[in-house]
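A short write-up of the structure that comes next.
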Amino acid sequence: MGELLAIDIGNTSITLGRIDNGEVLNVARLATDRDGTAREYALRLRRSFEQERIDLRRLQGAILASVVPQATDAVKSAAEQLLGVESLVVGPKMRTGMTVALDDPESLAADLIAGAVGGLACCEPPLIIVDMGTASTISVIDGNRRFLGGAIMPGVDVSLSALTSGTSLLPSVCVQAPRRCIGSNTEDCMKSGVVYGAACQIDGMTAHMEAELGQRAAVIVTGGLAERIVPFCRKDIQYDPYLVLKGLWALYQMNGPEA
């Protein structure tokens, strides 16, 4: 097939990926608008394609994963208007190459499905995937390719916003590592808590999960702020900013019209 448009609709932003043969060639981002219409999204998508110099005629298919139900239909319709082909929407009934062993398998979010499939495409299980978005999620896949579950935590930006809005004397700071973990002023203390705290959270949570699995697991971290946190983790971690987009490509190969 030709090139594919992969769309990851998150709570804060929408990530668009132009993918050819599993390789992410272009990435663009839009702010998520829960009230946006299909026409409005079509205009925004077209503008993004023009800015990235993406030729719509080369895109032969589209697939999207969404955690924002209010935006799903509008974005799907917009993509179909622009490309002239039906878009696939990731859901629990898709072929994924793994077994979902949750209490309610149909509750597994689309972005977690795509991330897990992307992880399995590049690493042998057992596998732990950390996705650092508005919420930070951890997914665990065992050696038999069973999606066991994981954890959901407040994202770095959400935690930082709660800290500054809930206190009177703490300033707003950016997510950036200070020179030392032991801060010597208020801003550096906050930066240390945010960056090193998030890194320790990844180290600690994955260690607990490996103990429950009874064996070591490959760890992949993805998501918007991951690049700023991963260097301060002590575990051996693979960072992949496009893991979900790559998982969407793999899902399309398993479920698209040529599957």
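Letters A, B, ... mark the chains of the structure tokens in the order given; residue numbers begin at 1 per chain; ligand numbers begin at 1, in order shown.
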
Quick check for you: according to DSSP on this backbone, which residues of segment 69-238 of chain A are classed as helix (DSSP H, G or I)? Reply as a ChimeraX atom specification.
/A:69-83,105-107,110-122,156-165,186-213,226-232

The selected residues should be written to file as a JSON list (two decimals), in the first residue's frame (atoms: C-alpha atoms).
```json
[["chain", "number", "residue", "atom", "x", "y", "z"],
["A", 69, "PRO", "CA", -14.90, 10.43, 22.32],
["A", 70, "GLN", "CA", -16.23, 13.94, 21.62],
["A", 71, "ALA", "CA", -13.55, 14.47, 18.95],
["A", 72, "THR", "CA", -13.40, 11.00, 17.40],
["A", 73, "ASP", "CA", -16.18, 11.26, 14.82],
["A", 74, "ALA", "CA", -15.25, 14.79, 13.75],
["A", 75, "VAL", "CA", -11.59, 13.93, 13.16],
["A", 76, "LYS", "CA", -12.50, 10.65, 11.40],
["A", 77, "SER", "CA", -14.90, 12.46, 9.09],
["A", 78, "ALA", "CA", -12.34, 15.21, 8.41],
["A", 79, "ALA", "CA", -9.68, 12.68, 7.43],
["A", 80, "GLU", "CA", -12.11, 10.88, 5.14],
["A", 81, "GLN", "CA", -13.10, 14.17, 3.46],
["A", 82, "LEU", "CA", -9.47, 14.99, 2.74],
["A", 83, "LEU", "CA", -8.26, 11.53, 1.69],
["A", 105, "PRO", "CA", -11.10, -6.40, 27.93],
["A", 106, "GLU", "CA", -13.28, -3.87, 26.09],
["A", 107, "SER", "CA", -12.23, -1.14, 28.52],
["A", 110, "ALA", "CA", -7.19, 2.81, 22.05],
["A", 111, "ASP", "CA", -3.89, 4.57, 22.69],
["A", 112, "LEU", "CA", -2.80, 1.78, 25.04],
["A", 113, "ILE", "CA", -3.69, -0.80, 22.40],
["A", 114, "ALA", "CA", -1.61, 1.06, 19.80],
["A", 115, "GLY", "CA", 1.31, 1.56, 22.19],
["A", 116, "ALA", "CA", 1.34, -2.12, 23.15],
["A", 117, "VAL", "CA", 1.23, -3.24, 19.51],
["A", 118, "GLY", "CA", 4.01, -0.80, 18.68],
["A", 119, "GLY", "CA", 6.08, -2.15, 21.54],
["A", 120, "LEU", "CA", 5.57, -5.77, 20.53],
["A", 121, "ALA", "CA", 6.65, -4.88, 16.99],
["A", 122, "CYS", "CA", 10.11, -3.88, 18.20],
["A", 156, "VAL", "CA", 3.97, 15.59, 34.81],
["A", 157, "ASP", "CA", 2.23, 18.76, 33.61],
["A", 158, "VAL", "CA", -0.92, 17.93, 35.58],
["A", 159, "SER", "CA", 1.07, 17.35, 38.77],
["A", 160, "LEU", "CA", 3.05, 20.56, 38.30],
["A", 161, "SER", "CA", -0.10, 22.56, 37.60],
["A", 162, "ALA", "CA", -1.76, 21.17, 40.73],
["A", 163, "LEU", "CA", 1.31, 22.08, 42.78],
["A", 164, "THR", "CA", 1.46, 25.71, 41.63],
["A", 165, "SER", "CA", -2.29, 26.34, 41.65],
["A", 186, "THR", "CA", 12.71, 27.25, 45.37],
["A", 187, "GLU", "CA", 12.66, 26.94, 41.58],
["A", 188, "ASP", "CA", 15.39, 24.30, 41.48],
["A", 189, "CYS", "CA", 13.71, 22.38, 44.30],
["A", 190, "MET", "CA", 10.49, 22.31, 42.27],
["A", 191, "LYS", "CA", 12.30, 21.29, 39.08],
["A", 192, "SER", "CA", 14.10, 18.54, 40.97],
["A", 193, "GLY", "CA", 10.85, 17.23, 42.40],
["A", 194, "VAL", "CA", 9.20, 17.22, 38.99],
["A", 195, "VAL", "CA", 12.00, 15.75, 36.87],
["A", 196, "TYR", "CA", 13.83, 13.46, 39.28],
["A", 197, "GLY", "CA", 10.52, 12.56, 40.94],
["A", 198, "ALA", "CA", 9.06, 11.42, 37.62],
["A", 199, "ALA", "CA", 12.23, 9.46, 36.81],
["A", 200, "CYS", "CA", 12.13, 7.72, 40.20],
["A", 201, "GLN", "CA", 8.46, 6.97, 39.65],
["A", 202, "ILE", "CA", 9.31, 5.16, 36.41],
["A", 203, "ASP", "CA", 12.21, 3.28, 38.04],
["A", 204, "GLY", "CA", 10.17, 2.32, 41.08],
["A", 205, "MET", "CA", 6.96, 1.32, 39.33],
["A", 206, "THR", "CA", 8.71, -0.79, 36.72],
["A", 207, "ALA", "CA", 10.76, -2.51, 39.44],
["A", 208, "HIS", "CA", 7.59, -3.41, 41.34],
["A", 209, "MET", "CA", 5.96, -4.71, 38.17],
["A", 210, "GLU", "CA", 8.99, -6.82, 37.26],
["A", 211, "ALA", "CA", 8.83, -8.33, 40.75],
["A", 212, "GLU", "CA", 5.19, -9.31, 40.14],
["A", 213, "LEU", "CA", 6.06, -10.73, 36.72],
["A", 226, "ALA", "CA", 9.44, 11.59, 28.14],
["A", 227, "GLU", "CA", 12.55, 12.99, 26.47],
["A", 228, "ARG", "CA", 13.12, 15.31, 29.44],
["A", 229, "ILE", "CA", 12.65, 12.59, 32.05],
["A", 230, "VAL", "CA", 14.26, 9.42, 30.63],
["A", 231, "PRO", "CA", 17.90, 10.64, 30.93],
["A", 232, "PHE", "CA", 17.47, 10.70, 34.71]]
```

Taking the backbone alone, and naming residues the way the document does, which bits of segment 14-231 of chain A are strand (DSSP E) by DSSP, as a VMD selection string?
chain A and resid 14 to 20 23 to 31 59 to 66 87 to 89 99 to 100 127 to 132 135 to 141 146 to 154 218 to 222

Hey, what's within 10 Å of Val90 of chain A if we count only C-alpha atoms and toss same-chain stuff fewer than 2 positions away? As a CSV table (one decimal) with N, CA and C atoms, in the first residue's frame, please?
```csv
chain,number,residue,atom,x,y,z
A,63,ILE,N,-5.8,5.7,10.0
A,63,ILE,CA,-6.2,5.0,11.1
A,63,ILE,C,-6.0,5.9,12.3
A,64,LEU,N,-7.0,5.9,13.2
A,64,LEU,CA,-6.9,6.8,14.4
A,64,LEU,C,-7.2,6.1,15.7
A,65,ALA,N,-6.5,6.5,16.7
A,65,ALA,CA,-6.7,6.1,18.1
A,65,ALA,C,-7.1,7.3,18.9
A,66,SER,N,-8.2,7.2,19.7
A,66,SER,CA,-8.7,8.3,20.4
A,66,SER,C,-9.1,8.0,21.8
A,87,SER,N,-11.6,5.7,7.1
A,87,SER,CA,-10.6,5.6,8.2
A,87,SER,C,-10.9,4.5,9.2
A,88,LEU,N,-9.9,3.8,9.6
A,88,LEU,CA,-10.1,2.8,10.7
A,88,LEU,C,-10.0,3.5,12.0
A,92,PRO,N,-11.5,-2.4,20.7
A,92,PRO,CA,-11.2,-3.7,21.3
A,92,PRO,C,-11.4,-4.9,20.4
A,93,LYS,N,-12.2,-4.8,19.4
A,93,LYS,CA,-12.5,-5.9,18.5
A,93,LYS,C,-11.4,-6.1,17.4
A,94,MET,N,-10.5,-5.2,17.3
A,94,MET,CA,-9.4,-5.3,16.3
A,94,MET,C,-8.5,-6.5,16.5
A,95,ARG,N,-7.9,-7.0,15.5
A,95,ARG,CA,-6.8,-8.0,15.6
A,95,ARG,C,-5.6,-7.2,16.1
A,96,THR,N,-4.9,-7.7,17.1
A,96,THR,CA,-3.8,-7.0,17.7
A,96,THR,C,-2.6,-7.8,17.9
A,109,ALA,N,-8.1,1.3,26.5
A,109,ALA,CA,-8.1,2.5,25.7
A,109,ALA,C,-7.3,2.3,24.4
A,110,ALA,N,-7.8,3.0,23.4
A,110,ALA,CA,-7.2,2.8,22.0
A,110,ALA,C,-5.7,3.2,22.0
A,111,ASP,N,-5.3,4.2,22.7
A,111,ASP,CA,-3.9,4.6,22.7
A,111,ASP,C,-3.0,3.5,23.4
A,113,ILE,N,-3.7,0.3,23.4
A,113,ILE,CA,-3.7,-0.8,22.4
A,113,ILE,C,-2.6,-0.5,21.4
A,114,ALA,N,-2.6,0.7,20.8
A,114,ALA,CA,-1.6,1.1,19.8
A,114,ALA,C,-0.2,1.0,20.4
A,248,LEU,N,0.0,2.1,15.4
A,248,LEU,CA,-1.1,2.3,14.5
A,248,LEU,C,-0.8,1.8,13.1
A,251,LEU,N,-1.3,-1.9,13.3
A,251,LEU,CA,-2.7,-2.3,13.4
A,251,LEU,C,-3.4,-2.2,12.1
A,252,TYR,N,-3.0,-1.2,11.3
A,252,TYR,CA,-3.6,-1.1,9.9
A,252,TYR,C,-3.2,-2.3,9.1
A,255,ASN,N,-5.5,-5.0,10.1
A,255,ASN,CA,-7.0,-4.8,10.0
A,255,ASN,C,-7.5,-4.0,8.8
```

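Across the model, the gap from atom CA of Ile220 of chain A to atom CA of Leu16 of chain A is 20.7 Å.
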
Who sits within 7 Å of Gly61 of chain A, only C-alpha atoms, same chain under 3 positions skipped, as a ChimeraX atom specification:
/A:4-5,85,87

Those same residues, written as a compact mmCIF listing (two decimals), in the first residue's frame with C-alpha atoms?
```txt
# COMPACT_ATOMS: atom_id res chain seq x y z
CA LEU A 4 -0.61 5.98 5.77
CA LEU A 5 -1.96 8.78 7.94
CA VAL A 85 -10.96 6.75 1.90
CA SER A 87 -10.58 5.64 8.18
```

Contact residues around Arg46 of chain A with only C-alpha atoms at 10 Å, ignoring same-chain residues under 3 positions, as a PyMOL selection string:
chain A and resi 41-43+49-52+54+56+78-79+82

Generate the output file for the selected residues, all heavy atoms, as an mmCIF file, in the first residue's frame.
```
data_model
loop_
_atom_site.group_PDB
_atom_site.id
_atom_site.type_symbol
_atom_site.label_atom_id
_atom_site.label_comp_id
_atom_site.auth_asym_id
_atom_site.auth_seq_id
_atom_site.Cartn_x
_atom_site.Cartn_y
_atom_site.Cartn_z
ATOM 1 N N TYR A 41 -12.018 20.702 11.630
ATOM 2 C CA TYR A 41 -10.850 19.817 11.697
ATOM 3 C C TYR A 41 -10.248 19.600 10.309
ATOM 4 O O TYR A 41 -9.023 19.508 10.160
ATOM 5 C CB TYR A 41 -11.233 18.479 12.327
ATOM 6 C CG TYR A 41 -11.035 18.452 13.822
ATOM 7 C CD1 TYR A 41 -12.106 18.249 14.681
ATOM 8 C CD2 TYR A 41 -9.768 18.618 14.385
ATOM 9 C CE1 TYR A 41 -11.932 18.217 16.056
ATOM 10 C CE2 TYR A 41 -9.586 18.591 15.756
ATOM 11 C CZ TYR A 41 -10.674 18.385 16.590
ATOM 12 O OH TYR A 41 -10.485 18.363 17.948
ATOM 13 N N ALA A 42 -11.090 19.513 9.289
ATOM 14 C CA ALA A 42 -10.569 19.334 7.932
ATOM 15 C C ALA A 42 -9.689 20.521 7.528
ATOM 16 O O ALA A 42 -8.621 20.342 6.928
ATOM 17 C CB ALA A 42 -11.720 19.161 6.939
ATOM 18 N N LEU A 43 -10.117 21.719 7.871
ATOM 19 C CA LEU A 43 -9.321 22.904 7.567
ATOM 20 C C LEU A 43 -8.005 22.882 8.328
ATOM 21 O O LEU A 43 -6.943 23.211 7.770
ATOM 22 C CB LEU A 43 -10.114 24.166 7.915
ATOM 23 C CG LEU A 43 -11.339 24.468 7.039
ATOM 24 C CD1 LEU A 43 -12.133 25.634 7.624
ATOM 25 C CD2 LEU A 43 -10.896 24.782 5.618
ATOM 26 N N PHE A 49 -0.969 19.740 6.887
ATOM 27 C CA PHE A 49 -0.344 19.017 5.777
ATOM 28 C C PHE A 49 0.451 19.975 4.890
ATOM 29 O O PHE A 49 1.552 19.650 4.440
ATOM 30 C CB PHE A 49 -1.406 18.296 4.951
ATOM 31 C CG PHE A 49 -2.126 17.193 5.686
ATOM 32 C CD1 PHE A 49 -3.420 16.855 5.346
ATOM 33 C CD2 PHE A 49 -1.509 16.509 6.721
ATOM 34 C CE1 PHE A 49 -4.086 15.848 6.016
ATOM 35 C CE2 PHE A 49 -2.174 15.508 7.397
ATOM 36 C CZ PHE A 49 -3.460 15.171 7.047
ATOM 37 N N GLU A 50 -0.115 21.151 4.645
ATOM 38 C CA GLU A 50 0.580 22.127 3.809
ATOM 39 C C GLU A 50 1.865 22.601 4.472
ATOM 40 O O GLU A 50 2.901 22.751 3.818
ATOM 41 C CB GLU A 50 -0.352 23.306 3.512
ATOM 42 C CG GLU A 50 -1.507 22.956 2.580
ATOM 43 C CD GLU A 50 -2.510 24.084 2.437
ATOM 44 O OE1 GLU A 50 -2.390 25.087 3.188
ATOM 45 O OE2 GLU A 50 -3.414 23.972 1.590
ATOM 46 N N GLN A 51 1.801 22.847 5.782
ATOM 47 C CA GLN A 51 2.989 23.294 6.501
ATOM 48 C C GLN A 51 4.087 22.233 6.484
ATOM 49 O O GLN A 51 5.285 22.548 6.397
ATOM 50 C CB GLN A 51 2.629 23.649 7.946
ATOM 51 C CG GLN A 51 1.778 24.905 8.070
ATOM 52 C CD GLN A 51 1.291 25.150 9.476
ATOM 53 O OE1 GLN A 51 1.383 24.289 10.353
ATOM 54 N NE2 GLN A 51 0.763 26.344 9.718
ATOM 55 N N GLU A 52 3.685 20.965 6.578
ATOM 56 C CA GLU A 52 4.649 19.866 6.571
ATOM 57 C C GLU A 52 4.975 19.377 5.153
ATOM 58 O O GLU A 52 5.743 18.432 4.986
ATOM 59 C CB GLU A 52 4.114 18.688 7.396
ATOM 60 C CG GLU A 52 4.005 18.959 8.887
ATOM 61 C CD GLU A 52 5.351 19.153 9.533
ATOM 62 O OE1 GLU A 52 6.329 18.496 9.106
ATOM 63 O OE2 GLU A 52 5.449 19.979 10.468
ATOM 64 N N ILE A 54 3.093 17.778 3.044
ATOM 65 C CA ILE A 54 2.604 16.414 2.856
ATOM 66 C C ILE A 54 1.619 16.400 1.685
ATOM 67 O O ILE A 54 0.642 17.166 1.681
ATOM 68 C CB ILE A 54 1.911 15.890 4.132
ATOM 69 C CG1 ILE A 54 2.916 15.816 5.288
ATOM 70 C CG2 ILE A 54 1.266 14.525 3.888
ATOM 71 C CD1 ILE A 54 2.285 15.459 6.626
ATOM 72 N N LEU A 56 -1.337 15.031 -0.062
ATOM 73 C CA LEU A 56 -2.510 14.225 0.287
ATOM 74 C C LEU A 56 -2.701 13.048 -0.659
ATOM 75 O O LEU A 56 -3.204 11.994 -0.259
ATOM 76 C CB LEU A 56 -3.769 15.096 0.279
ATOM 77 C CG LEU A 56 -3.934 16.119 1.409
ATOM 78 C CD1 LEU A 56 -5.154 16.981 1.155
ATOM 79 C CD2 LEU A 56 -4.062 15.403 2.739
ATOM 80 N N ALA A 78 -13.245 14.256 9.056
ATOM 81 C CA ALA A 78 -12.345 15.210 8.405
ATOM 82 C C ALA A 78 -11.282 14.494 7.590
ATOM 83 O O ALA A 78 -10.989 14.882 6.443
ATOM 84 C CB ALA A 78 -11.689 16.101 9.460
ATOM 85 N N ALA A 79 -10.703 13.438 8.155
ATOM 86 C CA ALA A 79 -9.679 12.680 7.433
ATOM 87 C C ALA A 79 -10.262 12.040 6.186
ATOM 88 O O ALA A 79 -9.629 12.023 5.113
ATOM 89 C CB ALA A 79 -9.078 11.618 8.345
ATOM 90 N N LEU A 82 -10.721 14.577 3.374
ATOM 91 C CA LEU A 82 -9.470 14.985 2.739
ATOM 92 C C LEU A 82 -8.857 13.873 1.887
ATOM 93 O O LEU A 82 -8.305 14.131 0.816
ATOM 94 C CB LEU A 82 -8.464 15.422 3.799
ATOM 95 C CG LEU A 82 -8.808 16.712 4.558
ATOM 96 C CD1 LEU A 82 -7.785 16.964 5.655
ATOM 97 C CD2 LEU A 82 -8.857 17.903 3.608
#
```

Might you pull out every residue within 7 Å of segment 124-140 of chain A, with only C-alpha atoms counted and same-chain residues fewer than 6 positions away left off, and present them as a list in words?
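Near segment 124-140 of chain A, the qualifying residues are Asn11, Thr12, Phe147, Leu148, Gly149, Gly150, Ala151, Ile152, Met153, Pro154, Gly155, Asp157, Val158, Ala217, Ala218, Val219, Ile220, Val221, Thr222, Gly223, Gly224, Leu225 and Ala226 of chain A.
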
Expected file: the selected residues, all heavy atoms, as a compact mmCIF listing (two decimals), in the first residue's frame:
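Now in again-v6.txt:
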```txt
# COMPACT_ATOMS: atom_id res chain seq x y z
N ASN A 11 -5.88 13.89 25.07
CA ASN A 11 -6.68 14.88 25.80
C ASN A 11 -6.22 16.30 25.54
O ASN A 11 -7.03 17.23 25.52
CB ASN A 11 -6.60 14.59 27.31
CG ASN A 11 -7.39 13.36 27.69
OD1 ASN A 11 -8.61 13.35 27.61
ND2 ASN A 11 -6.69 12.31 28.10
N THR A 12 -4.92 16.49 25.33
CA THR A 12 -4.38 17.82 25.12
C THR A 12 -4.08 18.12 23.66
O THR A 12 -4.34 19.22 23.18
CB THR A 12 -3.09 18.00 25.95
OG1 THR A 12 -3.37 17.74 27.32
CG2 THR A 12 -2.53 19.40 25.80
N PHE A 147 -1.78 -8.81 27.56
CA PHE A 147 -1.83 -7.48 28.15
C PHE A 147 -2.47 -7.64 29.53
O PHE A 147 -3.67 -7.85 29.65
CB PHE A 147 -2.64 -6.53 27.28
CG PHE A 147 -2.57 -5.09 27.70
CD1 PHE A 147 -1.81 -4.18 26.96
CD2 PHE A 147 -3.25 -4.64 28.81
CE1 PHE A 147 -1.74 -2.85 27.34
CE2 PHE A 147 -3.18 -3.31 29.20
CZ PHE A 147 -2.43 -2.41 28.47
N LEU A 148 -1.65 -7.51 30.58
CA LEU A 148 -2.11 -7.80 31.94
C LEU A 148 -2.79 -6.62 32.60
O LEU A 148 -3.64 -6.80 33.49
CB LEU A 148 -0.93 -8.24 32.81
CG LEU A 148 -0.16 -9.48 32.35
CD1 LEU A 148 0.96 -9.78 33.34
CD2 LEU A 148 -1.09 -10.67 32.20
N GLY A 149 -2.42 -5.41 32.22
CA GLY A 149 -2.93 -4.21 32.89
C GLY A 149 -1.78 -3.26 33.15
O GLY A 149 -0.83 -3.20 32.37
N GLY A 150 -1.85 -2.52 34.24
CA GLY A 150 -0.77 -1.58 34.53
C GLY A 150 -1.15 -0.57 35.57
O GLY A 150 -1.70 -0.91 36.62
N ALA A 151 -0.90 0.70 35.28
CA ALA A 151 -1.16 1.78 36.24
C ALA A 151 -1.45 3.07 35.49
O ALA A 151 -1.00 3.26 34.36
CB ALA A 151 0.03 1.96 37.18
N ILE A 152 -2.20 3.95 36.15
CA ILE A 152 -2.50 5.28 35.61
C ILE A 152 -2.17 6.29 36.70
O ILE A 152 -2.61 6.16 37.85
CB ILE A 152 -3.98 5.43 35.21
CG1 ILE A 152 -4.37 4.36 34.18
CG2 ILE A 152 -4.25 6.82 34.65
CD1 ILE A 152 -5.86 4.33 33.86
N MET A 153 -1.38 7.32 36.32
CA MET A 153 -0.94 8.33 37.28
C MET A 153 -1.13 9.72 36.67
O MET A 153 -1.21 9.86 35.46
CB MET A 153 0.55 8.12 37.60
CG MET A 153 0.88 6.73 38.13
SD MET A 153 2.65 6.38 38.06
CE MET A 153 2.92 6.24 36.29
N PRO A 154 -1.18 10.76 37.51
CA PRO A 154 -1.23 12.11 36.96
C PRO A 154 0.02 12.38 36.12
O PRO A 154 1.13 11.99 36.50
CB PRO A 154 -1.25 13.01 38.21
CG PRO A 154 -1.72 12.13 39.31
CD PRO A 154 -1.22 10.75 38.99
N GLY A 155 -0.17 13.02 34.99
CA GLY A 155 0.98 13.36 34.15
C GLY A 155 1.84 14.44 34.79
O GLY A 155 1.44 15.10 35.75
N ASP A 157 2.82 17.41 33.68
CA ASP A 157 2.23 18.76 33.61
C ASP A 157 1.05 18.91 34.56
O ASP A 157 0.88 19.97 35.19
CB ASP A 157 1.78 19.06 32.18
CG ASP A 157 2.92 19.55 31.30
OD1 ASP A 157 3.93 20.03 31.85
OD2 ASP A 157 2.81 19.46 30.06
N VAL A 158 0.23 17.88 34.67
CA VAL A 158 -0.92 17.93 35.58
C VAL A 158 -0.45 18.06 37.02
O VAL A 158 -0.99 18.87 37.80
CB VAL A 158 -1.80 16.67 35.41
CG1 VAL A 158 -2.85 16.59 36.50
CG2 VAL A 158 -2.46 16.67 34.04
N ALA A 217 11.91 -7.22 32.41
CA ALA A 217 11.13 -6.88 31.22
C ALA A 217 11.82 -5.74 30.48
O ALA A 217 12.50 -4.90 31.08
CB ALA A 217 9.71 -6.46 31.62
N ALA A 218 11.64 -5.72 29.16
CA ALA A 218 12.07 -4.56 28.39
C ALA A 218 11.18 -3.38 28.76
O ALA A 218 9.98 -3.55 28.99
CB ALA A 218 11.97 -4.85 26.90
N VAL A 219 11.75 -2.18 28.85
CA VAL A 219 10.98 -0.99 29.21
C VAL A 219 11.10 0.04 28.09
O VAL A 219 12.21 0.41 27.68
CB VAL A 219 11.47 -0.37 30.53
CG1 VAL A 219 10.65 0.88 30.87
CG2 VAL A 219 11.38 -1.38 31.67
N ILE A 220 9.96 0.48 27.57
CA ILE A 220 9.91 1.52 26.55
C ILE A 220 9.14 2.70 27.11
O ILE A 220 8.06 2.53 27.68
CB ILE A 220 9.23 1.04 25.26
CG1 ILE A 220 9.86 -0.24 24.73
CG2 ILE A 220 9.28 2.13 24.19
CD1 ILE A 220 9.16 -0.80 23.51
N VAL A 221 9.68 3.90 26.96
CA VAL A 221 9.00 5.11 27.41
C VAL A 221 8.72 5.99 26.20
O VAL A 221 9.57 6.17 25.33
CB VAL A 221 9.83 5.87 28.45
CG1 VAL A 221 9.09 7.13 28.91
CG2 VAL A 221 10.14 4.98 29.65
N THR A 222 7.50 6.52 26.13
CA THR A 222 7.10 7.39 25.04
C THR A 222 6.29 8.54 25.62
O THR A 222 6.07 8.62 26.83
CB THR A 222 6.29 6.60 23.99
OG1 THR A 222 6.11 7.41 22.82
CG2 THR A 222 4.94 6.16 24.53
N GLY A 223 5.84 9.45 24.78
CA GLY A 223 5.00 10.56 25.25
C GLY A 223 5.70 11.89 25.18
O GLY A 223 6.93 11.98 25.06
N GLY A 224 4.92 12.95 25.30
CA GLY A 224 5.40 14.29 25.05
C GLY A 224 6.56 14.76 25.91
O GLY A 224 7.47 15.43 25.43
N LEU A 225 6.55 14.42 27.20
CA LEU A 225 7.60 14.91 28.10
C LEU A 225 8.66 13.86 28.41
O LEU A 225 9.59 14.11 29.18
CB LEU A 225 6.98 15.40 29.41
CG LEU A 225 6.16 16.68 29.30
CD1 LEU A 225 5.44 16.97 30.61
CD2 LEU A 225 7.04 17.86 28.92
N ALA A 226 8.54 12.70 27.80
CA ALA A 226 9.44 11.59 28.14
C ALA A 226 10.90 11.94 27.90
O ALA A 226 11.78 11.55 28.67
CB ALA A 226 9.05 10.35 27.35
```

For Arg29 of chain A, work out the shell of residues within 10 Å, counting only C-alpha atoms and skipping chain neighbours fewer than 3 positions away, then give it as an NGL selection string.
:A and (7-9 or 13-17 or 32 or 45 or 48)

Write a file of the just-selected residues containing all heavy atoms, as a short mmCIF file (atom, residue, chain, number, x, y, z; two decimals), in the first residue's frame.
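Writing done, so here's result-v5.cif:
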```cif
data_model
loop_
_atom_site.label_atom_id
_atom_site.label_comp_id
_atom_site.auth_asym_id
_atom_site.auth_seq_id
_atom_site.Cartn_x
_atom_site.Cartn_y
_atom_site.Cartn_z
N ILE A 7 -3.32 8.87 13.25
CA ILE A 7 -3.81 9.98 14.07
C ILE A 7 -4.00 9.49 15.50
O ILE A 7 -4.74 8.55 15.74
CB ILE A 7 -5.15 10.52 13.52
CG1 ILE A 7 -5.03 10.88 12.04
CG2 ILE A 7 -5.61 11.71 14.34
CD1 ILE A 7 -6.35 11.27 11.40
N ASP A 8 -3.34 10.16 16.42
CA ASP A 8 -3.44 9.84 17.84
C ASP A 8 -4.11 11.02 18.54
O ASP A 8 -3.49 12.08 18.72
CB ASP A 8 -2.04 9.58 18.42
CG ASP A 8 -2.05 9.30 19.91
OD1 ASP A 8 -3.13 8.95 20.45
OD2 ASP A 8 -0.98 9.43 20.55
N ILE A 9 -5.38 10.85 18.93
CA ILE A 9 -6.15 11.93 19.56
C ILE A 9 -6.02 11.81 21.07
O ILE A 9 -6.58 10.90 21.69
CB ILE A 9 -7.63 11.88 19.15
CG1 ILE A 9 -7.78 11.89 17.62
CG2 ILE A 9 -8.40 13.03 19.77
CD1 ILE A 9 -9.21 11.71 17.15
N SER A 13 -3.53 17.14 22.96
CA SER A 13 -3.13 17.38 21.56
C SER A 13 -3.44 16.18 20.69
O SER A 13 -3.62 15.05 21.17
CB SER A 13 -1.64 17.72 21.49
OG SER A 13 -0.86 16.63 21.95
N ILE A 14 -3.47 16.44 19.38
CA ILE A 14 -3.66 15.41 18.36
C ILE A 14 -2.36 15.30 17.59
O ILE A 14 -1.85 16.30 17.07
CB ILE A 14 -4.81 15.78 17.41
CG1 ILE A 14 -6.13 15.88 18.18
CG2 ILE A 14 -4.93 14.75 16.29
CD1 ILE A 14 -7.28 16.41 17.35
N THR A 15 -1.81 14.10 17.53
CA THR A 15 -0.57 13.87 16.80
C THR A 15 -0.88 13.21 15.47
O THR A 15 -1.59 12.20 15.42
CB THR A 15 0.39 12.98 17.60
OG1 THR A 15 0.63 13.58 18.88
CG2 THR A 15 1.72 12.81 16.88
N LEU A 16 -0.35 13.77 14.40
CA LEU A 16 -0.55 13.25 13.05
C LEU A 16 0.78 12.71 12.55
O LEU A 16 1.81 13.38 12.65
CB LEU A 16 -1.01 14.35 12.10
CG LEU A 16 -2.18 15.23 12.56
CD1 LEU A 16 -2.33 16.41 11.62
CD2 LEU A 16 -3.46 14.43 12.62
N GLY A 17 0.77 11.51 12.03
CA GLY A 17 1.99 10.91 11.51
C GLY A 17 1.82 10.42 10.09
O GLY A 17 0.84 9.71 9.79
N THR A 32 -6.23 19.64 20.79
CA THR A 32 -7.51 18.92 20.77
C THR A 32 -8.65 19.87 21.10
O THR A 32 -8.60 20.59 22.10
CB THR A 32 -7.50 17.78 21.81
OG1 THR A 32 -6.41 16.88 21.52
CG2 THR A 32 -8.81 17.00 21.77
N LEU A 45 -6.45 20.21 9.55
CA LEU A 45 -5.61 19.13 9.02
C LEU A 45 -4.94 19.54 7.72
O LEU A 45 -3.75 19.32 7.52
CB LEU A 45 -6.46 17.87 8.81
CG LEU A 45 -6.94 17.13 10.06
CD1 LEU A 45 -7.91 16.03 9.66
CD2 LEU A 45 -5.78 16.55 10.85
N SER A 48 -2.10 21.85 8.36
CA SER A 48 -0.94 21.13 8.88
C SER A 48 -0.20 20.38 7.79
O SER A 48 1.02 20.36 7.74
CB SER A 48 -1.37 20.14 9.98
OG SER A 48 -1.84 20.82 11.11
#
```

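Atom CA of Thr99 of chain A lies 4.6 Å from atom CA of Arg146 of chain A.
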
Using only C-alpha atoms for the distances, tell me which of A:Val68, A:Ala101, A:Ala62, A:Leu245 is nearest to Asp33 of chain A.
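Ranked by minimum distance to Asp33 of chain A, first place goes to A:Val68.
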
Can you work out the spacing between atom CA of Arg18 of chain A and atom CA of Ile141 of chain A in Å, to one decimal?
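These atoms are spaced 27.2 Å apart.
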